[in-house]
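Written out below as structure tokens is the structure these notes cover.
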Amino acid sequence: MSISVRDQFGKQLAKLAKEDSRVLALDGDLGNSTRLDSIEKETADSFLQMGIAEQNMVGVAAGLASVGFQPWVCSFATFLTKRALDQIIVSVAQTNFDVKLVGSYSGLLTSNTGKTHHSLDDIAIMTTIPNMTVIAPGDARETVAAMKAMHRTVGPMYLRLTRDETIPSFLPDEDFEIGKGKTLGEGTDMLVVTTGSTTYRVAEVIKQMEDVSIAHQHFPTLKPFDKELLIEGARKVRQVVTVEEHYKRGGLGSIVSEILSESLPRKIYRIGVPDNFFGCGTDKELLEATGLSVEAIRKSLIDLSLCKKQF
């Protein structure tokens, strides 16, 4: 059964706010969509409505952090990471304040809102900022575990969340350690590397791949990245493939390419969103249009296993 990532996010943040008076939720007037309204309903004193003013919201969060609070700032990923980028860098990252930034509705699946709401460059943006930790959990249970780890770890962090509500809690039920990846399956022909909501789709694809031995690694932390696990997995295979709901350039594929080019050169094929803007559409339509549906990913992996695509 699928469990909504955004529902669990709202419930867990409300729980943290009840348990810790330092935790405050700052809302960019999107609480009904992001589920930040859970805090407003359950512990109103911990909820601050900032309106559609992302730059101001991040500035207020920095001020709150400077006097001992732990603000969690939430908006749609594309608005938070681009409209407030200067404030994130100057007021949060350069000061190294304990501000948690939450980018909801990341990637393509933003409820038929179109290209203005798609967030396909936020990994590239946030992983280049010094002092910033970047986390993209794969399911609702991992989201809760990641939030617990974020709460007990001081420093600026970006949490990338999906709106996709078709994902069950499928990942191993274990504690979340910031900076550590997970091996979900072993194989000898190909290593597929994923992050965030794409991990579930790829796991479903691998179940259908009978004639190819595929290893699967999931990296819920994109910065700092678990280089050791990646290199260990890449040593055992002939091909490395990355799959992500983000532009190919600057995201997971770029991170993996950089690491392996320096430490263990391997042929790498990147499956991600093409260098283009995409219009309105259902989740299914958008995933098919960008080659990220289960069937499209399966076809790409089959083609690669048959050496029909060249690196």
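For the structure tokens, the naming scheme is as follows: chains receive sequential letters (A, B, ...) according to their order of presentation, residues are indexed from 1 within each chain, and ligands are indexed from 1 in presentation order.
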What residues in stretch 224-309 of chain A get the DSSP label alpha helix (DSSP H)? Please answer as an MDAnalysis selection string.
chainID A and resid 227:234 252:263 283:289 294:305
Pull C-alpha atoms from the residues just selected and write them as a PDB file, in the first residue's frame.
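Once written, result.pdb looks like this:
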```
ATOM      1  CA  LYS A 227      31.896   7.612  -2.344  1.00  0.00           C
ATOM      2  CA  GLU A 228      33.153   4.394  -0.807  1.00  0.00           C
ATOM      3  CA  LEU A 229      29.908   2.500  -1.422  1.00  0.00           C
ATOM      4  CA  LEU A 230      29.702   3.736  -5.004  1.00  0.00           C
ATOM      5  CA  ILE A 231      33.282   2.728  -5.806  1.00  0.00           C
ATOM      6  CA  GLU A 232      32.791  -0.659  -4.151  1.00  0.00           C
ATOM      7  CA  GLY A 233      29.732  -1.323  -6.293  1.00  0.00           C
ATOM      8  CA  ALA A 234      31.292  -0.043  -9.507  1.00  0.00           C
ATOM      9  CA  LEU A 252      23.064  12.456  -9.501  1.00  0.00           C
ATOM     10  CA  GLY A 253      24.602  11.442 -12.831  1.00  0.00           C
ATOM     11  CA  SER A 254      27.089  14.289 -12.676  1.00  0.00           C
ATOM     12  CA  ILE A 255      28.019  13.466  -9.079  1.00  0.00           C
ATOM     13  CA  VAL A 256      28.615   9.804  -9.941  1.00  0.00           C
ATOM     14  CA  SER A 257      30.598  10.731 -13.055  1.00  0.00           C
ATOM     15  CA  GLU A 258      32.848  13.082 -11.115  1.00  0.00           C
ATOM     16  CA  ILE A 259      33.579  10.535  -8.401  1.00  0.00           C
ATOM     17  CA  LEU A 260      34.292   7.616 -10.726  1.00  0.00           C
ATOM     18  CA  SER A 261      36.345   9.679 -13.182  1.00  0.00           C
ATOM     19  CA  GLU A 262      38.724  10.483 -10.335  1.00  0.00           C
ATOM     20  CA  SER A 263      38.759   7.156  -8.510  1.00  0.00           C
ATOM     21  CA  ASP A 283       2.310  12.047 -13.764  1.00  0.00           C
ATOM     22  CA  LYS A 284       2.131   9.195 -16.256  1.00  0.00           C
ATOM     23  CA  GLU A 285       2.341  11.504 -19.261  1.00  0.00           C
ATOM     24  CA  LEU A 286       5.316  13.408 -17.895  1.00  0.00           C
ATOM     25  CA  LEU A 287       7.240  10.287 -16.917  1.00  0.00           C
ATOM     26  CA  GLU A 288       6.668   8.803 -20.362  1.00  0.00           C
ATOM     27  CA  ALA A 289       7.656  12.050 -22.108  1.00  0.00           C
ATOM     28  CA  VAL A 294       8.878   2.080 -15.516  1.00  0.00           C
ATOM     29  CA  GLU A 295       8.524   0.846 -19.090  1.00  0.00           C
ATOM     30  CA  ALA A 296      10.853   3.505 -20.508  1.00  0.00           C
ATOM     31  CA  ILE A 297      13.533   2.811 -17.901  1.00  0.00           C
ATOM     32  CA  ARG A 298      13.199  -0.918 -18.556  1.00  0.00           C
ATOM     33  CA  LYS A 299      13.679  -0.388 -22.282  1.00  0.00           C
ATOM     34  CA  SER A 300      16.767   1.748 -21.676  1.00  0.00           C
ATOM     35  CA  LEU A 301      18.324  -0.872 -19.416  1.00  0.00           C
ATOM     36  CA  ILE A 302      17.571  -3.650 -21.905  1.00  0.00           C
ATOM     37  CA  ASP A 303      19.152  -1.624 -24.694  1.00  0.00           C
ATOM     38  CA  LEU A 304      22.223  -1.038 -22.576  1.00  0.00           C
ATOM     39  CA  SER A 305      22.527  -4.674 -21.580  1.00  0.00           C
TER      40      SER A 305
END
```
Using DSSP secondary structure from the backbone, list all strand (DSSP E or B) positions within stretch 56-220 of chain A, as an MDAnalysis selection string.
chainID A and resid 70:76 100:104 107 119 133:135 157:160 168 182:185 190:194 214:218
Contact residues around A:Pro168 with only C-alpha atoms at 8 Å, ignoring same-chain residues under 2 positions, as an MDAnalysis selection string
chainID A and resid 1:3 139:140 166 170
Kindly save the residues from that selection, with all heavy atoms included, as a PDB file, in the first residue's frame.
```pdb
ATOM      1  N   MET A   1       0.839  -1.193   0.000  1.00  0.00           N
ATOM      2  CA  MET A   1       0.000   0.000   0.000  1.00  0.00           C
ATOM      3  C   MET A   1       0.872   1.240   0.000  1.00  0.00           C
ATOM      4  O   MET A   1       1.848   1.335   0.747  1.00  0.00           O
ATOM      5  CB  MET A   1      -0.906   0.012   1.228  1.00  0.00           C
ATOM      6  CG  MET A   1      -1.910   1.164   1.237  1.00  0.00           C
ATOM      7  SD  MET A   1      -2.984   1.113   2.691  1.00  0.00           S
ATOM      8  CE  MET A   1      -1.877   1.796   3.918  1.00  0.00           C
ATOM      9  N   SER A   2       0.535   2.229  -0.858  1.00  0.00           N
ATOM     10  CA  SER A   2       1.323   3.449  -0.935  1.00  0.00           C
ATOM     11  C   SER A   2       1.080   4.315   0.300  1.00  0.00           C
ATOM     12  O   SER A   2      -0.006   4.328   0.877  1.00  0.00           O
ATOM     13  CB  SER A   2       0.977   4.224  -2.204  1.00  0.00           C
ATOM     14  OG  SER A   2      -0.387   4.598  -2.206  1.00  0.00           O
ATOM     15  N   ILE A   3       2.113   5.024   0.717  1.00  0.00           N
ATOM     16  CA  ILE A   3       2.031   5.923   1.860  1.00  0.00           C
ATOM     17  C   ILE A   3       2.578   7.269   1.413  1.00  0.00           C
ATOM     18  O   ILE A   3       3.695   7.361   0.912  1.00  0.00           O
ATOM     19  CB  ILE A   3       2.835   5.387   3.062  1.00  0.00           C
ATOM     20  CG1 ILE A   3       2.340   3.994   3.457  1.00  0.00           C
ATOM     21  CG2 ILE A   3       2.744   6.340   4.239  1.00  0.00           C
ATOM     22  CD1 ILE A   3       3.139   3.346   4.556  1.00  0.00           C
ATOM     23  N   ASP A 139      11.210   6.929   0.170  1.00  0.00           N
ATOM     24  CA  ASP A 139       9.822   6.613   0.514  1.00  0.00           C
ATOM     25  C   ASP A 139       9.448   7.331   1.804  1.00  0.00           C
ATOM     26  O   ASP A 139      10.260   8.053   2.393  1.00  0.00           O
ATOM     27  CB  ASP A 139       9.585   5.098   0.600  1.00  0.00           C
ATOM     28  CG  ASP A 139      10.351   4.413   1.733  1.00  0.00           C
ATOM     29  OD1 ASP A 139      10.885   5.113   2.628  1.00  0.00           O
ATOM     30  OD2 ASP A 139      10.425   3.170   1.739  1.00  0.00           O
ATOM     31  N   ALA A 140       8.209   7.134   2.244  1.00  0.00           N
ATOM     32  CA  ALA A 140       7.710   7.864   3.412  1.00  0.00           C
ATOM     33  C   ALA A 140       8.451   7.469   4.689  1.00  0.00           C
ATOM     34  O   ALA A 140       8.768   8.321   5.527  1.00  0.00           O
ATOM     35  CB  ALA A 140       6.207   7.615   3.577  1.00  0.00           C
ATOM     36  N   THR A 166       2.207   7.253  -5.048  1.00  0.00           N
ATOM     37  CA  THR A 166       2.044   5.853  -5.446  1.00  0.00           C
ATOM     38  C   THR A 166       3.142   4.964  -4.874  1.00  0.00           C
ATOM     39  O   THR A 166       3.168   3.761  -5.144  1.00  0.00           O
ATOM     40  CB  THR A 166       2.063   5.727  -6.984  1.00  0.00           C
ATOM     41  OG1 THR A 166       3.372   6.087  -7.481  1.00  0.00           O
ATOM     42  CG2 THR A 166       1.018   6.630  -7.624  1.00  0.00           C
ATOM     43  N   PHE A 170       8.948   0.699   0.855  1.00  0.00           N
ATOM     44  CA  PHE A 170       9.597  -0.510   0.341  1.00  0.00           C
ATOM     45  C   PHE A 170      11.052  -0.637   0.761  1.00  0.00           C
ATOM     46  O   PHE A 170      11.651  -1.717   0.624  1.00  0.00           O
ATOM     47  CB  PHE A 170       9.534  -0.507  -1.200  1.00  0.00           C
ATOM     48  CG  PHE A 170      10.432   0.506  -1.852  1.00  0.00           C
ATOM     49  CD1 PHE A 170      11.629   0.113  -2.428  1.00  0.00           C
ATOM     50  CD2 PHE A 170      10.091   1.855  -1.877  1.00  0.00           C
ATOM     51  CE1 PHE A 170      12.470   1.048  -3.015  1.00  0.00           C
ATOM     52  CE2 PHE A 170      10.914   2.784  -2.478  1.00  0.00           C
ATOM     53  CZ  PHE A 170      12.107   2.389  -3.053  1.00  0.00           C
TER      54      PHE A 170
END
```
Residues at most 6 Å from stretch 118-124 of chain A, counting only C-alpha atoms, excluding those fewer than 5 positions away in the same chain, as a PyMOL selection string?
chain A and resi 77-78+106-108+246-247+250-251
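One distance worth recording is that between atom CA of A:Gln49 and atom CA of A:Ala25, which is 8.4 Å.
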Do a neighbour search on A:Ser46 at 12 Å with only C-alpha atoms, toss out local chain neighbours closer than 2 positions, and write the hits as a ChimeraX atom specification.
/A:13-27,36-44,48-49,69-72
Between atom CA of A:Val99 and atom CA of A:Ser33, measure the distance and give it in Å to one decimal.
21.2 Å
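Minimum atom-to-atom distance to A:Tyr105, evaluated using only C-alpha atoms, belongs to A:Glu245 out of A:Asp45, A:Glu186, A:Asp175, A:Glu245.
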